[in-house]
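K.L.:
Before anything else, here's the structure in question.
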Amino acid sequence: MSKKLEFPKGFLWGSATASYQVEGGIEQCDWAEGARAGKVPVCGAACDHYNRYEADFDIAQSLGHTIHRFSVEWARIEPEEGVFNEEALEHYRQVLRALHARGMTPSITLWHFTLPLWLSGRGGWGHKDTPAVFARYCAKVVEALGDLCDNYGTINEPMVVAGIGYLRGAWPPFYKNAWVRYYRALLNMTRGHNQAYHAIKKMRVDAQVGIVKHTIAYTSNGTIINRIRAWAANVMWTRLFMYRVYRHCDWIGLNYYHRTMFGDTRDLPKTDFWWNVDQEGIYEALHILARYKRPIYITETGCADATDRLRADYIRDTVRWTHKAIEEGVDVRAFCYWSLLDNYEWAEGFEKRFGLIEVNFETQERTPRPSAYVYKEICEQNGLAID
Ligand code: IFM
């Protein structure tokens with residue numbers, strides 16, 4: 001007999017995107033500059049979502065989605081320091097109206113990796129004024145969009161962007177092993193988040209503000225030494241950062257992609273990114289974040305899987321482990337699959353395919369993958385049928 005893993009009433013199901021990865025036509029930011037210098041792939045028109053968002057949201061609606069997380073592009077909104085572009089803000093008002101018209105709750109990410117050139121040129125997150133400048137930008141966005149959106153994530157994946165940009169040198173600002181700059185940038189991100197929280201609340205006291213934390217679940221095979229390694233890794237990757245910001249969070253966003261189990265000998269399936277498929281880790285990650293006693297939104301989880309051979313099971317497993325965490329008392333409010341569309345996967349260009357919807361980048365044709373319909377059933381049933 002089949003049984004259903006039922007989710008709480010009002011639980012939101014949907015997907016996520018980020019401006020630079022899908023919109024197209026963003027040239028005045030550090031990533032576009034990096035592409036012009038040949039350091040990262042060209043993004044160009046991406047999914048042309050800036051012009052096609054209504055048709056894309058039609059598909060999301062037909063797939064049963066009730067939430068959509070997206071980011072607004074700082075370089076469009078504040079093309080020069082202190083000068084705000086009303087046309088760009090009006091565009092995002094239209095995007096929000098389009099979501100509401102289709103019954104989808106919006107969640108806006110205020111910063112998802114790309115900096116306007118005027119800011120990256122003077123050191124980006126390394127500059128001492130950036131936290132205040134970021135807070136002013138966030139307040140402006142909420143002033144303009146606040147009547148259409150209650151939910152804001154300030155910064156997406158601070159540890160990832162700082163690590164790849166300042167230590168690995170593969171993303172802007174392309175520094176290698178620049179440990180001092182790395183810590184300064186991270187510290188400024190915590191300050192930027194905290195200042196933005198206050199600036200947003202001043203603008204709209206009832207806005208719900210969170211941080212989006214990529215949480216690697218570090219676990220162990222149980223030996224003392226590996227337990228200590230896992231504990232230390234969780235402190236370094238998640239706890240130190242969260243300690244500085246959680247008091248300024250109404251909610252916490254979980255981006256889950258990885259678990260690292262010290263002493264692991266399993267041979268796990270791999271995505272096209274060569275990442276392990278290990279979805280029990282989302283259960284661990286939810287428990288790691290539950291300690292901060294805030295509602296958790298799963299703001300991203302997904303797999304690069306061009307042939308769609310893994311995605312349906314990946315989603316089912318993720319939902320199953322999320323349900324277990326909820327049963328144990330973790331307050332999870334939403335599940336956003338990454339991503340609605342195949343898109344620009346940063347230093348990997350367009351090769352890695354995360355989308356529920358396949359995109360033909362020559363023709364911009366959209367085709368929902370079979371797994372999108374498996375997810376649709378979960379969204380519509382508010383749960384997962386299991387045998
Ligand atoms: O595409 C990215 C996204 O921008 C941030 N989180 C991880 C995704 C997959 O790598």
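Residue numbering restarts at 1 in every chain; chains get A, B, ... in the order shown in the structure tokens, and ligands count up from 1 in that same order.
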Could you write out, as an MDAnalysis selection string, all the residues of region 194-350 of chain A that DSSP marks as helix (DSSP H, G or I)?
P.N.:
chainID A and resid 194:203 224:248 280:290 311:327 346:348
K.L.:
Step by step, measure atom-to-atom distances between ligand 1 and each residue using only C-alpha atoms and all ligand atoms, keep those at most 7 Å, then write them as a PyMOL selection string.
P.N.:
chain A and resi 18+112+157+255+300+338+345-346
K.L.:
Could those residues be written to a file, using all heavy atoms, as a PDB file, in the first residue's frame?
P.N.:
ATOM      1  N   ALA A  18      18.890  33.159 -10.834  1.00  0.00           N
ATOM      2  CA  ALA A  18      19.627  34.361 -10.432  1.00  0.00           C
ATOM      3  C   ALA A  18      19.826  35.229 -11.670  1.00  0.00           C
ATOM      4  O   ALA A  18      20.045  34.706 -12.775  1.00  0.00           O
ATOM      5  CB  ALA A  18      20.981  33.982  -9.836  1.00  0.00           C
ATOM      6  N   HIS A 112      23.429  38.225  -5.745  1.00  0.00           N
ATOM      7  CA  HIS A 112      23.787  36.855  -6.135  1.00  0.00           C
ATOM      8  C   HIS A 112      25.023  36.932  -7.040  1.00  0.00           C
ATOM      9  O   HIS A 112      24.942  36.810  -8.261  1.00  0.00           O
ATOM     10  CB  HIS A 112      22.605  36.188  -6.845  1.00  0.00           C
ATOM     11  CG  HIS A 112      22.715  34.698  -6.973  1.00  0.00           C
ATOM     12  ND1 HIS A 112      21.774  33.824  -6.493  1.00  0.00           N
ATOM     13  CD2 HIS A 112      23.658  33.918  -7.551  1.00  0.00           C
ATOM     14  CE1 HIS A 112      22.131  32.577  -6.764  1.00  0.00           C
ATOM     15  NE2 HIS A 112      23.279  32.613  -7.419  1.00  0.00           N
ATOM     16  N   GLU A 157      25.250  32.716  -0.702  1.00  0.00           N
ATOM     17  CA  GLU A 157      26.452  31.874  -0.573  1.00  0.00           C
ATOM     18  C   GLU A 157      27.744  32.654  -0.349  1.00  0.00           C
ATOM     19  O   GLU A 157      28.691  32.576  -1.152  1.00  0.00           O
ATOM     20  CB  GLU A 157      26.604  30.990  -1.817  1.00  0.00           C
ATOM     21  CG  GLU A 157      25.443  30.044  -2.016  1.00  0.00           C
ATOM     22  CD  GLU A 157      25.641  29.108  -3.223  1.00  0.00           C
ATOM     23  OE1 GLU A 157      26.639  29.258  -3.935  1.00  0.00           O
ATOM     24  OE2 GLU A 157      24.783  28.240  -3.425  1.00  0.00           O
ATOM     25  N   ASN A 255      21.133  26.535   0.927  1.00  0.00           N
ATOM     26  CA  ASN A 255      21.491  25.981  -0.382  1.00  0.00           C
ATOM     27  C   ASN A 255      22.250  24.690  -0.092  1.00  0.00           C
ATOM     28  O   ASN A 255      23.317  24.720   0.520  1.00  0.00           O
ATOM     29  CB  ASN A 255      22.391  26.945  -1.163  1.00  0.00           C
ATOM     30  CG  ASN A 255      21.613  28.140  -1.710  1.00  0.00           C
ATOM     31  OD1 ASN A 255      20.428  28.310  -1.406  1.00  0.00           O
ATOM     32  ND2 ASN A 255      22.275  28.964  -2.495  1.00  0.00           N
ATOM     33  N   GLU A 300      17.898  26.576  -2.441  1.00  0.00           N
ATOM     34  CA  GLU A 300      18.451  25.869  -3.605  1.00  0.00           C
ATOM     35  C   GLU A 300      18.792  24.441  -3.233  1.00  0.00           C
ATOM     36  O   GLU A 300      19.338  24.192  -2.155  1.00  0.00           O
ATOM     37  CB  GLU A 300      19.777  26.480  -4.091  1.00  0.00           C
ATOM     38  CG  GLU A 300      19.663  27.791  -4.782  1.00  0.00           C
ATOM     39  CD  GLU A 300      21.016  28.325  -5.262  1.00  0.00           C
ATOM     40  OE1 GLU A 300      21.925  27.506  -5.556  1.00  0.00           O
ATOM     41  OE2 GLU A 300      21.140  29.545  -5.332  1.00  0.00           O
ATOM     42  N   TRP A 338      16.897  24.133  -7.647  1.00  0.00           N
ATOM     43  CA  TRP A 338      17.801  24.881  -8.530  1.00  0.00           C
ATOM     44  C   TRP A 338      18.039  24.043  -9.770  1.00  0.00           C
ATOM     45  O   TRP A 338      18.621  22.975  -9.670  1.00  0.00           O
ATOM     46  CB  TRP A 338      19.151  25.174  -7.857  1.00  0.00           C
ATOM     47  CG  TRP A 338      20.031  25.954  -8.791  1.00  0.00           C
ATOM     48  CD1 TRP A 338      20.924  25.463  -9.705  1.00  0.00           C
ATOM     49  CD2 TRP A 338      20.045  27.377  -8.952  1.00  0.00           C
ATOM     50  NE1 TRP A 338      21.507  26.478 -10.412  1.00  0.00           N
ATOM     51  CE2 TRP A 338      20.983  27.662  -9.977  1.00  0.00           C
ATOM     52  CE3 TRP A 338      19.352  28.437  -8.334  1.00  0.00           C
ATOM     53  CZ2 TRP A 338      21.242  28.975 -10.382  1.00  0.00           C
ATOM     54  CZ3 TRP A 338      19.620  29.727  -8.754  1.00  0.00           C
ATOM     55  CH2 TRP A 338      20.563  29.977  -9.765  1.00  0.00           C
ATOM     56  N   GLU A 345      26.264  28.661 -15.868  1.00  0.00           N
ATOM     57  CA  GLU A 345      26.791  28.112 -14.615  1.00  0.00           C
ATOM     58  C   GLU A 345      28.202  28.680 -14.380  1.00  0.00           C
ATOM     59  O   GLU A 345      29.195  27.954 -14.370  1.00  0.00           O
ATOM     60  CB  GLU A 345      26.755  26.577 -14.664  1.00  0.00           C
ATOM     61  CG  GLU A 345      27.282  25.852 -13.437  1.00  0.00           C
ATOM     62  CD  GLU A 345      26.680  26.282 -12.098  1.00  0.00           C
ATOM     63  OE1 GLU A 345      25.498  26.664 -12.056  1.00  0.00           O
ATOM     64  OE2 GLU A 345      27.420  26.243 -11.094  1.00  0.00           O
ATOM     65  N   TRP A 346      28.276  29.988 -14.245  1.00  0.00           N
ATOM     66  CA  TRP A 346      29.505  30.681 -13.845  1.00  0.00           C
ATOM     67  C   TRP A 346      30.725  30.222 -14.649  1.00  0.00           C
ATOM     68  O   TRP A 346      30.652  30.210 -15.868  1.00  0.00           O
ATOM     69  CB  TRP A 346      29.668  30.560 -12.315  1.00  0.00           C
ATOM     70  CG  TRP A 346      28.426  31.013 -11.596  1.00  0.00           C
ATOM     71  CD1 TRP A 346      27.559  30.252 -10.867  1.00  0.00           C
ATOM     72  CD2 TRP A 346      27.870  32.350 -11.589  1.00  0.00           C
ATOM     73  NE1 TRP A 346      26.515  31.020 -10.400  1.00  0.00           N
ATOM     74  CE2 TRP A 346      26.686  32.303 -10.817  1.00  0.00           C
ATOM     75  CE3 TRP A 346      28.239  33.582 -12.134  1.00  0.00           C
ATOM     76  CZ2 TRP A 346      25.880  33.433 -10.601  1.00  0.00           C
ATOM     77  CZ3 TRP A 346      27.455  34.708 -11.905  1.00  0.00           C
ATOM     78  CH2 TRP A 346      26.291  34.615 -11.149  1.00  0.00           C
TER      79      TRP A 346
END
K.L.:
From the options A:Ala60, A:Leu119, A:Ile216, A:Cys47, which residue's atoms come nearest to Gln21 (chain A), counting only C-alpha atoms?
P.N.:
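That would be A:Cys47, the residue with the smallest distance to Gln21 (chain A).
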K.L.:
Enter the distance from CA of Ile378 (chain A) to CA of Cys249 (chain A), in Å, rounded to one decimal.
P.N.:
28.7 Å
K.L.:
Report as number ranges by chain all protein, DNA and RNA residues lying within 9 Å of Glu6 (chain A), evaluated on only C-alpha atoms, omitting residues in the same chain fewer than 3 positions from it.
P.N.:
A: 9, 323, 381-385
K.L.:
Go through A:Glu27, A:Asp308, A:Asp264, A:Asp147 and flag the residue nearest Ala46 (chain A), using only C-alpha atoms for the distances.
P.N.:
A:Glu27
K.L.:
List as a PyMOL selection string the protein and nucleic acid residues near Tyr297 (chain A), meaning an atom at most 8 Å away when only C-alpha atoms are counted, but skip any in the same chain fewer than 6 places from it.
P.N.:
chain A and resi 251-254+332-336
K.L.:
Pick the closest to Ser62 (chain A) from A:Arg76, A:His214, A:Arg294, A:Lys376: which is it, counting only C-alpha atoms?
P.N.:
A:Lys376
K.L.:
Which is closer to Lys140 (chain A) than all the others in A:Gln208, A:Ser107, A:Asn85, A:Thr265, using only C-alpha atoms?
P.N.:
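Of A:Gln208, A:Ser107, A:Asn85, A:Thr265, the one nearest Lys140 (chain A), counting only C-alpha atoms, is A:Asn85.
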